[in-house]
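Student: I am attaching a structure below and will ask some questions about it afterwards.
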Amino acid sequence: MPQSAPTIGLVSLGCPKALVDSERIITRLRAQGYQLSADYDGADLVIVNTCGFLETARDESLEAIGEALAENGKVVVTGCLGAEAELILDKHPGVLAITGPHQYEAVMQAVHAHLPPKHDPKLDLVPAAGMRLTPRHYAYVKISEGCNNRCSFCIIPALRGDLASRPINAVLKEAENLVTAGVKELLIISQDTSAYGLDLKYAESRWKGRSVPAKFQTLCEELGQMGVWVRLHYVYPYPHVDEVIPLMAEGKILPYLDIPFQHASPSVLKAMRRPANQERLLDRIAQWRLLCPELTLRSSFIVGFPGETEEDYEALLNFVEEAAIDRAGCFKYENVAGAASASLPDHVDEEVKQERWEGFMALQTELAHARGDDMLGRRTTVLIDRFDEESGRFEARTKADAPEIDGVVFVRPAPQMKIGEFVEVVITDAEGHELYGEAAAF
Ligand code: SF4
């Protein structure tokens, strides 16, 4: 009887960037003949990919490590919190190894040391697109690591270092492999997508017999030729972002921008040390919408930042309303160990933060309902993500909705409707960002 292959469990916490790291780890594990297990019992060893961004995420990561130790016993830790080995060892001295974010080699070494691979040449065959944790039809593509900004509430640059962009031909090759493997939507991620290539001084590399520069605009143009949905996340409103709006208007890339504005009051933005000048932003957004009326703006905001006054908070609400931010997330400010903002004066009381958060969410719900009502009766293209047993409908997304974070369309099943396919639907009902649709008659 052949000995069964060593089996790994993986717990992936955190943002889409961490998810990409998990996907890369899985790709390497599968390439080396490891099997994957969906539960602790079936695994010989568990990798916990942690998040260390906010205090709550750190607690969640520490809890996940504890659970994996209790349930399985053999645990390798990686990811952002891995940069703080002492903290982890203090709570969980039993972990086998700790590695930091995107240290794939170190993760593999730790796995080899505690669970050596079994040689099986058949398992060395990995699809060119790698192994993904996302459904087959969409995939995250990470174009750079790290960040050159120094926002006062953030420790990502300390954890992940300065901006390090991937060569443009490597990014395009990965994207092309994914499209060849059947991916219909590419989600472009990094800490600062619009700064892509700055560290490389926009170095050119060979792609399809041409020299192409590692520039945000070029990347969008090239991706826009791949015939799939291309969605941009974590874009800062640097002036050159204006140049990609025509690509959106022409249907080359999705008319969607995820810009984490975080606030709108100049004094709070200054205290946050946010990148990109937000002056005249409302004018620029109006201009973008003029060029591309379909544009969806998604953003995230922080309320209760140290020093935030009632006027600052009102300025934030006014901005969200005037800019007509289509999808908005909101967090209450939390101190992060090691972040400069923790030592700023005038921290806001927890009750005030809560009130402001509730006020923000009430406005966001109101805006979401107006957007939803606006969609009633419209015909639109959706991408089907999954079948929802509870409602007996397919769950799909419009161009305006990124997976996991935005809205969904529940579509009544019809012949030939399949997961991972684009379908034309008519919106028949709306409850905020939850829409209901029927296949459109041709
Ligand atoms: S842009 Fe600011 S918040 Fe985003 S990763 Fe860089 S430092 Fe952190």
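Labels used: A, B, ... for chains in the order of the structure tokens, numbers from 1 for residues in each chain, and numbers from 1 for ligands as shown.
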Running DSSP on the backbone, which parts of range 289-359 of chain A land in strand (DSSP E or B), as a ChimeraX atom specification?
Tutor: /A:296-303,327-332
Student: Using only C-alpha atoms and all ligand atoms, what does the table of chain A residues within 8 Å of ligand 1 look like, with each row giving the shortest atom pair and its distance in Å to one decimal, sorted by chain and ascending number, as CSV?
Tutor:
```
residue,atom,partner,partner_atom_place_in_ligand_line,distance
A:Gly146,CA,ligand 1,5 (S),7.0
A:Cys147,CA,ligand 1,6 (Fe),4.7
A:Asn148,CA,ligand 1,6 (Fe),6.4
A:Asn149,CA,ligand 1,7 (S),4.5
A:Arg150,CA,ligand 1,7 (S),4.2
A:Cys151,CA,ligand 1,2 (Fe),4.2
A:Ser152,CA,ligand 1,7 (S),7.3
A:Phe153,CA,ligand 1,3 (S),7.1
A:Cys154,CA,ligand 1,8 (Fe),4.6
A:Ile155,CA,ligand 1,8 (Fe),6.3
A:Ile156,CA,ligand 1,8 (Fe),5.1
A:Pro157,CA,ligand 1,7 (S),5.8
A:Gln191,CA,ligand 1,5 (S),4.8
A:Asp192,CA,ligand 1,1 (S),5.8
A:Tyr234,CA,ligand 1,4 (Fe),8.0
A:Arg273,CA,ligand 1,2 (Fe),7.9
A:Arg274,CA,ligand 1,2 (Fe),6.3
A:Pro275,CA,ligand 1,1 (S),6.5
```
Student: Which is closest to Val107 in chain A among A:Gln32, A:Ser4, A:Thr78, A:Gln364, if we use only C-alpha atoms?
Tutor: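 Nearest to Val107 in chain A: A:Thr78.
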Student: Go through A:Leu89, A:Leu254, A:Ile325, A:Met248 one by one, measure the shortest atom-to-atom distance of each to Ile188 in chain A using only C-alpha atoms, and give the residue with the smallest value.
Tutor: A:Leu254
Student: Counting only C-alpha atoms, give me one row per residue of range 272-391 of chain A with an atom at most 10 Å from an atom of range 411-414 of chain A, showing the shortest contact pair and its distance in Å to one decimal, sorted by chain then residue number, as a Markdown table.
Tutor:
```
| residue | atom | partner | partner_atom | distance |
| --- | --- | --- | --- | --- |
| A:Val382 | CA | A:Val411 | CA | 9.2 |
| A:Ile384 | CA | A:Val411 | CA | 8.6 |
| A:Phe387 | CA | A:Pro413 | CA | 9.0 |
| A:Asp388 | CA | A:Val411 | CA | 9.7 |
| A:Ser391 | CA | A:Arg412 | CA | 9.2 |
```
Student: Restricting the calculation to only C-alpha atoms: of A:Ala70, A:Leu115, A:Ala64, A:Ile427, which residue gets closest to Ala5 in chain A?
Tutor: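 For Ala5 in chain A, the nearest of the candidates is A:Leu115.
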Student: Can you list, as number ranges by chain, every protein, DNA or RNA residue that comes within 10 Å of Val320 in chain A when you count only C-alpha atoms, leaving out same-chain residues fewer than 2 positions away?
Tutor: A: 261, 263-264, 299, 301, 314-318, 322-328, 360, 363-364, 367
Student: Find the spatial neighbours of Glu366 in chain A, counting only C-alpha atoms, within a cut-off of 9 Å - ignore same-chain residues fewer than 5 positions away - and output them as a PyMOL selection string.
Tutor: chain A and resi 361+371+432
Student: Selection from above, C-alpha atoms, as a PDB file, in the first residue's frame, can you write it?
Tutor:
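After the write, again.pdb holds the following:
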```pdb
ATOM      1  CA  MET A 361     -23.560  53.583   9.165  1.00  0.00           C
ATOM      2  CA  ARG A 371     -28.453  53.160  -4.911  1.00  0.00           C
ATOM      3  CA  GLY A 432     -29.831  48.328  -0.171  1.00  0.00           C
TER       4      GLY A 432
END
```
Student: Skip Gly304 in chain A itself and residues of its chain fewer than 3 positions away, then list as a PyMOL selection string all residues within 8 Å of it, counting only C-alpha atoms.
Tutor: chain A and resi 307-308+332-333+347-349+352-353+356
Student: Please extract the residues of range 224-391 of chain A with a backbone DSSP assignment of helix (DSSP H, G or I) and present them as a JSON list (two decimals) with N, CA and C atoms, in the first residue's frame.
Tutor:
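Below you can see part_35.json, which holds the result:
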```
[["chain", "number", "residue", "atom", "x", "y", "z"],
["A", 239, "PRO", "N", -2.54, 62.28, -9.01],
["A", 239, "PRO", "CA", -3.07, 62.90, -10.25],
["A", 239, "PRO", "C", -3.16, 61.92, -11.42],
["A", 240, "HIS", "N", -2.20, 60.98, -11.54],
["A", 240, "HIS", "CA", -2.21, 60.12, -12.73],
["A", 240, "HIS", "C", -3.37, 59.12, -12.74],
["A", 241, "VAL", "N", -4.11, 59.03, -11.62],
["A", 241, "VAL", "CA", -5.28, 58.14, -11.60],
["A", 241, "VAL", "C", -6.32, 58.65, -12.61],
["A", 242, "ASP", "N", -6.34, 59.97, -12.83],
["A", 242, "ASP", "CA", -7.28, 60.55, -13.81],
["A", 242, "ASP", "C", -7.15, 59.86, -15.17],
["A", 243, "GLU", "N", -5.91, 59.44, -15.47],
["A", 243, "GLU", "CA", -5.65, 58.89, -16.82],
["A", 243, "GLU", "C", -6.28, 57.51, -17.05],
["A", 244, "VAL", "N", -6.63, 56.80, -15.97],
["A", 244, "VAL", "CA", -7.23, 55.47, -16.22],
["A", 244, "VAL", "C", -8.76, 55.54, -16.35],
["A", 245, "ILE", "N", -9.32, 56.70, -16.04],
["A", 245, "ILE", "CA", -10.79, 56.81, -16.13],
["A", 245, "ILE", "C", -11.28, 56.56, -17.57],
["A", 246, "PRO", "N", -10.57, 57.11, -18.60],
["A", 246, "PRO", "CA", -11.03, 56.80, -19.97],
["A", 246, "PRO", "C", -11.04, 55.30, -20.26],
["A", 247, "LEU", "N", -10.08, 54.54, -19.70],
["A", 247, "LEU", "CA", -10.08, 53.09, -19.91],
["A", 247, "LEU", "C", -11.34, 52.46, -19.33],
["A", 248, "MET", "N", -11.82, 53.03, -18.26],
["A", 248, "MET", "CA", -13.05, 52.54, -17.64],
["A", 248, "MET", "C", -14.24, 52.91, -18.52],
["A", 249, "ALA", "N", -14.22, 54.13, -19.03],
["A", 249, "ALA", "CA", -15.33, 54.58, -19.89],
["A", 249, "ALA", "C", -15.40, 53.74, -21.16],
["A", 266, "PRO", "N", -9.36, 68.08, 6.39],
["A", 266, "PRO", "CA", -7.91, 68.29, 6.17],
["A", 266, "PRO", "C", -7.07, 68.07, 7.44],
["A", 267, "SER", "N", -7.59, 68.52, 8.61],
["A", 267, "SER", "CA", -6.74, 68.38, 9.80],
["A", 267, "SER", "C", -6.60, 66.91, 10.21],
["A", 268, "VAL", "N", -7.67, 66.14, 10.07],
["A", 268, "VAL", "CA", -7.56, 64.71, 10.42],
["A", 268, "VAL", "C", -6.65, 64.01, 9.42],
["A", 269, "LEU", "N", -6.81, 64.33, 8.14],
["A", 269, "LEU", "CA", -5.96, 63.69, 7.11],
["A", 269, "LEU", "C", -4.49, 64.01, 7.37],
["A", 270, "LYS", "N", -4.25, 65.24, 7.84],
["A", 270, "LYS", "CA", -2.86, 65.64, 8.12],
["A", 270, "LYS", "C", -2.34, 64.80, 9.29],
["A", 271, "ALA", "N", -3.16, 64.68, 10.34],
["A", 271, "ALA", "CA", -2.73, 63.89, 11.50],
["A", 271, "ALA", "C", -2.55, 62.42, 11.13],
["A", 272, "MET", "N", -3.34, 61.99, 10.15],
["A", 272, "MET", "CA", -3.20, 60.59, 9.69],
["A", 272, "MET", "C", -1.99, 60.42, 8.79],
["A", 281, "LEU", "N", -10.79, 67.38, -4.37],
["A", 281, "LEU", "CA", -11.14, 65.99, -4.67],
["A", 281, "LEU", "C", -12.57, 65.89, -5.22],
["A", 282, "LEU", "N", -13.46, 66.70, -4.62],
["A", 282, "LEU", "CA", -14.85, 66.63, -5.10],
["A", 282, "LEU", "C", -14.93, 67.03, -6.57],
["A", 283, "ASP", "N", -14.12, 68.03, -6.96],
["A", 283, "ASP", "CA", -14.11, 68.44, -8.38],
["A", 283, "ASP", "C", -13.60, 67.31, -9.24],
["A", 284, "ARG", "N", -12.54, 66.65, -8.76],
["A", 284, "ARG", "CA", -11.97, 65.56, -9.57],
["A", 284, "ARG", "C", -12.95, 64.41, -9.70],
["A", 285, "ILE", "N", -13.62, 64.09, -8.59],
["A", 285, "ILE", "CA", -14.60, 62.99, -8.65],
["A", 285, "ILE", "C", -15.71, 63.35, -9.63],
["A", 286, "ALA", "N", -16.15, 64.62, -9.59],
["A", 286, "ALA", "CA", -17.21, 65.06, -10.52],
["A", 286, "ALA", "C", -16.73, 64.88, -11.96],
["A", 287, "GLN", "N", -15.47, 65.23, -12.19],
["A", 287, "GLN", "CA", -14.88, 65.08, -13.53],
["A", 287, "GLN", "C", -14.83, 63.60, -13.95],
["A", 288, "TRP", "N", -14.42, 62.74, -13.00],
["A", 288, "TRP", "CA", -14.37, 61.30, -13.29],
["A", 288, "TRP", "C", -15.76, 60.81, -13.69],
["A", 289, "ARG", "N", -16.76, 61.26, -12.94],
["A", 289, "ARG", "CA", -18.12, 60.78, -13.21],
["A", 289, "ARG", "C", -18.66, 61.30, -14.53],
["A", 290, "LEU", "N", -18.17, 62.49, -14.89],
["A", 290, "LEU", "CA", -18.57, 63.06, -16.18],
["A", 290, "LEU", "C", -18.03, 62.20, -17.32],
["A", 291, "LEU", "N", -16.76, 61.81, -17.16],
["A", 291, "LEU", "CA", -16.11, 60.97, -18.18],
["A", 291, "LEU", "C", -16.65, 59.55, -18.18],
["A", 310, "GLU", "N", -16.26, 67.36, 16.29],
["A", 310, "GLU", "CA", -17.60, 67.22, 15.68],
["A", 310, "GLU", "C", -17.60, 67.79, 14.26],
["A", 311, "GLU", "N", -16.85, 68.92, 14.08],
["A", 311, "GLU", "CA", -16.82, 69.56, 12.75],
["A", 311, "GLU", "C", -16.12, 68.63, 11.74],
["A", 312, "ASP", "N", -15.03, 68.00, 12.23],
["A", 312, "ASP", "CA", -14.32, 67.07, 11.33],
["A", 312, "ASP", "C", -15.25, 65.94, 10.91],
["A", 313, "TYR", "N", -15.97, 65.43, 11.90],
["A", 313, "TYR", "CA", -16.87, 64.32, 11.64],
["A", 313, "TYR", "C", -17.97, 64.73, 10.65],
["A", 314, "GLU", "N", -18.50, 65.95, 10.85],
["A", 314, "GLU", "CA", -19.52, 66.45, 9.92],
["A", 314, "GLU", "C", -18.95, 66.58, 8.51],
["A", 315, "ALA", "N", -17.68, 67.04, 8.45],
["A", 315, "ALA", "CA", -17.03, 67.19, 7.13],
["A", 315, "ALA", "C", -16.94, 65.83, 6.45],
["A", 316, "LEU", "N", -16.68, 64.80, 7.24],
["A", 316, "LEU", "CA", -16.59, 63.45, 6.69],
["A", 316, "LEU", "C", -17.94, 63.01, 6.10],
["A", 317, "LEU", "N", -19.01, 63.21, 6.90],
["A", 317, "LEU", "CA", -20.33, 62.81, 6.42],
["A", 317, "LEU", "C", -20.71, 63.59, 5.16],
["A", 318, "ASN", "N", -20.40, 64.89, 5.17],
["A", 318, "ASN", "CA", -20.73, 65.70, 3.99],
["A", 318, "ASN", "C", -20.00, 65.20, 2.75],
["A", 319, "PHE", "N", -18.73, 64.84, 2.97],
["A", 319, "PHE", "CA", -17.94, 64.35, 1.84],
["A", 319, "PHE", "C", -18.55, 63.08, 1.26],
["A", 320, "VAL", "N", -18.89, 62.14, 2.15],
["A", 320, "VAL", "CA", -19.44, 60.85, 1.69],
["A", 320, "VAL", "C", -20.71, 61.10, 0.87],
["A", 321, "GLU", "N", -21.49, 62.07, 1.34],
["A", 321, "GLU", "CA", -22.75, 62.37, 0.65],
["A", 321, "GLU", "C", -22.48, 63.10, -0.68],
["A", 322, "GLU", "N", -21.64, 64.13, -0.60],
["A", 322, "GLU", "CA", -21.41, 64.94, -1.82],
["A", 322, "GLU", "C", -20.66, 64.17, -2.90],
["A", 340, "ALA", "N", 2.29, 55.41, 15.23],
["A", 340, "ALA", "CA", 2.53, 56.76, 15.76],
["A", 340, "ALA", "C", 1.26, 57.39, 16.32],
["A", 341, "SER", "N", 0.11, 57.08, 15.73],
["A", 341, "SER", "CA", -1.13, 57.73, 16.15],
["A", 341, "SER", "C", -1.49, 57.44, 17.61],
["A", 342, "ALA", "N", -0.96, 56.34, 18.15],
["A", 342, "ALA", "CA", -1.29, 55.98, 19.54],
["A", 342, "ALA", "C", -0.83, 57.08, 20.49],
["A", 343, "SER", "N", 0.25, 57.79, 20.13],
["A", 343, "SER", "CA", 0.75, 58.81, 21.05],
["A", 343, "SER", "C", 0.24, 60.21, 20.70],
["A", 350, "GLU", "N", -14.71, 56.32, 23.79],
["A", 350, "GLU", "CA", -15.30, 55.16, 23.11],
["A", 350, "GLU", "C", -16.77, 55.40, 22.75],
["A", 351, "GLU", "N", -17.54, 56.04, 23.69],
["A", 351, "GLU", "CA", -18.97, 56.25, 23.40],
["A", 351, "GLU", "C", -19.14, 57.19, 22.21],
["A", 352, "VAL", "N", -18.26, 58.21, 22.14],
["A", 352, "VAL", "CA", -18.36, 59.16, 21.02],
["A", 352, "VAL", "C", -18.03, 58.43, 19.71],
["A", 353, "LYS", "N", -16.99, 57.59, 19.76],
["A", 353, "LYS", "CA", -16.62, 56.81, 18.55],
["A", 353, "LYS", "C", -17.81, 55.97, 18.10],
["A", 354, "GLN", "N", -18.44, 55.32, 19.09],
["A", 354, "GLN", "CA", -19.58, 54.45, 18.78],
["A", 354, "GLN", "C", -20.70, 55.26, 18.14],
["A", 355, "GLU", "N", -21.01, 56.43, 18.74],
["A", 355, "GLU", "CA", -22.08, 57.29, 18.19],
["A", 355, "GLU", "C", -21.76, 57.70, 16.76],
["A", 356, "ARG", "N", -20.49, 58.10, 16.54],
["A", 356, "ARG", "CA", -20.11, 58.56, 15.20],
["A", 356, "ARG", "C", -20.19, 57.40, 14.21],
["A", 357, "TRP", "N", -19.76, 56.24, 14.67],
["A", 357, "TRP", "CA", -19.82, 55.06, 13.79],
["A", 357, "TRP", "C", -21.27, 54.76, 13.41],
["A", 358, "GLU", "N", -22.15, 54.83, 14.42],
["A", 358, "GLU", "CA", -23.56, 54.56, 14.14],
["A", 358, "GLU", "C", -24.13, 55.59, 13.17],
["A", 359, "GLY", "N", -23.75, 56.85, 13.37],
["A", 359, "GLY", "CA", -24.21, 57.92, 12.49],
["A", 359, "GLY", "C", -23.74, 57.67, 11.06],
["A", 360, "PHE", "N", -22.48, 57.26, 10.94],
["A", 360, "PHE", "CA", -21.93, 56.98, 9.62],
["A", 360, "PHE", "C", -22.69, 55.83, 8.97],
["A", 361, "MET", "N", -22.91, 54.76, 9.74],
["A", 361, "MET", "CA", -23.56, 53.58, 9.17],
["A", 361, "MET", "C", -25.01, 53.90, 8.76],
["A", 362, "ALA", "N", -25.66, 54.80, 9.53],
["A", 362, "ALA", "CA", -27.03, 55.17, 9.18],
["A", 362, "ALA", "C", -27.04, 55.88, 7.83],
["A", 363, "LEU", "N", -26.05, 56.79, 7.64],
["A", 363, "LEU", "CA", -25.97, 57.50, 6.36],
["A", 363, "LEU", "C", -25.66, 56.51, 5.24],
["A", 364, "GLN", "N", -24.73, 55.61, 5.52],
["A", 364, "GLN", "CA", -24.33, 54.64, 4.48],
["A", 364, "GLN", "C", -25.52, 53.75, 4.09],
["A", 365, "THR", "N", -26.34, 53.36, 5.08],
["A", 365, "THR", "CA", -27.51, 52.52, 4.78],
["A", 365, "THR", "C", -28.50, 53.30, 3.91],
["A", 366, "GLU", "N", -28.68, 54.57, 4.26],
["A", 366, "GLU", "CA", -29.60, 55.42, 3.49],
["A", 366, "GLU", "C", -29.13, 55.52, 2.03],
["A", 367, "LEU", "N", -27.80, 55.77, 1.88],
["A", 367, "LEU", "CA", -27.26, 55.90, 0.52],
["A", 367, "LEU", "C", -27.37, 54.57, -0.22],
["A", 368, "ALA", "N", -27.13, 53.47, 0.50],
["A", 368, "ALA", "CA", -27.20, 52.14, -0.13],
["A", 368, "ALA", "C", -28.61, 51.87, -0.64],
["A", 369, "HIS", "N", -29.60, 52.27, 0.14],
["A", 369, "HIS", "CA", -30.98, 52.05, -0.29],
["A", 369, "HIS", "C", -31.31, 52.88, -1.52],
["A", 370, "ALA", "N", -30.81, 54.11, -1.53],
["A", 370, "ALA", "CA", -31.06, 54.97, -2.71],
["A", 370, "ALA", "C", -30.41, 54.33, -3.94],
["A", 371, "ARG", "N", -29.15, 53.82, -3.78],
["A", 371, "ARG", "CA", -28.45, 53.16, -4.91],
["A", 371, "ARG", "C", -29.25, 51.94, -5.39],
["A", 372, "GLY", "N", -29.70, 51.14, -4.40],
["A", 372, "GLY", "CA", -30.45, 49.92, -4.73],
["A", 372, "GLY", "C", -31.70, 50.27, -5.51],
["A", 373, "ASP", "N", -32.45, 51.28, -5.03],
["A", 373, "ASP", "CA", -33.70, 51.67, -5.70],
["A", 373, "ASP", "C", -33.41, 52.15, -7.12],
["A", 374, "ASP", "N", -32.27, 52.80, -7.25],
["A", 374, "ASP", "CA", -31.85, 53.30, -8.55],
["A", 374, "ASP", "C", -31.65, 52.18, -9.58],
["A", 375, "MET", "N", -31.35, 51.00, -9.08],
["A", 375, "MET", "CA", -31.07, 49.85, -9.97],
["A", 375, "MET", "C", -32.35, 49.17, -10.43]]
```
Student: Identify, on the basis of only C-alpha atoms, every residue whose closest approach to Gly52 in chain A does not exceed 10 Å; exclude the query and any residue fewer than 2 positions from it along the same chain; express the result as a list in words.
Tutor: Leu13, Gly14, Thr50, Leu54, Glu55, Thr56, Ala57, Arg58, Asp59, Glu60, Ser61, Leu62, Gly79, Cys80, Leu81, Gly82, Ala83, Glu84, Pro101, Ile155, Ile156, Leu159, Val336 and Ala337 of chain A
Student: Residues at most 8 Å from Glu434 in chain A, counting only C-alpha atoms, excluding those fewer than 3 positions away in the same chain, as a compact mmCIF listing (two decimals) with N, CA and C atoms, in the first residue's frame?
Tutor:
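Output contents, as saved in around.txt:
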```txt
# COMPACT_ATOMS: atom_id res chain seq x y z
N GLY A 372 -29.70 51.14 -4.40
CA GLY A 372 -30.45 49.92 -4.73
C GLY A 372 -31.70 50.27 -5.51
N GLY A 407 -21.95 44.52 -2.65
CA GLY A 407 -23.28 43.93 -2.69
C GLY A 407 -23.37 42.66 -3.52
N VAL A 408 -24.54 42.05 -3.51
CA VAL A 408 -24.77 40.83 -4.29
C VAL A 408 -26.11 40.96 -5.03
N VAL A 409 -26.25 40.15 -6.06
CA VAL A 409 -27.55 40.05 -6.76
C VAL A 409 -27.99 38.59 -6.65
N PHE A 410 -29.16 38.37 -6.09
CA PHE A 410 -29.69 37.01 -6.03
C PHE A 410 -30.51 36.79 -7.30
N ALA A 430 -34.93 45.37 -4.67
CA ALA A 430 -33.69 45.86 -4.06
C ALA A 430 -33.88 46.11 -2.58
N GLU A 431 -32.90 45.68 -1.80
CA GLU A 431 -32.86 46.05 -0.38
C GLU A 431 -31.45 46.52 -0.11
```
Student: Nearest residue to His137 in chain A out of A:Ile419, A:Ile98, A:Ala396, A:Leu29, using only C-alpha atoms?
Tutor: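 The shortest atom-to-atom distance to His137 in chain A comes from A:Ile419.
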Student: Between A:His92, A:Arg298, A:Lys74, A:Lys173, which one has atoms that come closest to Val46 in chain A, using only C-alpha atoms?
Tutor: A:Lys74
Student: With distances taken over only C-alpha atoms, which of A:Tyr238, A:Ala68, A:Lys418, A:Tyr202 is nearest to Asp44 in chain A?
Tutor: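 The closest residue to Asp44 in chain A is A:Ala68.
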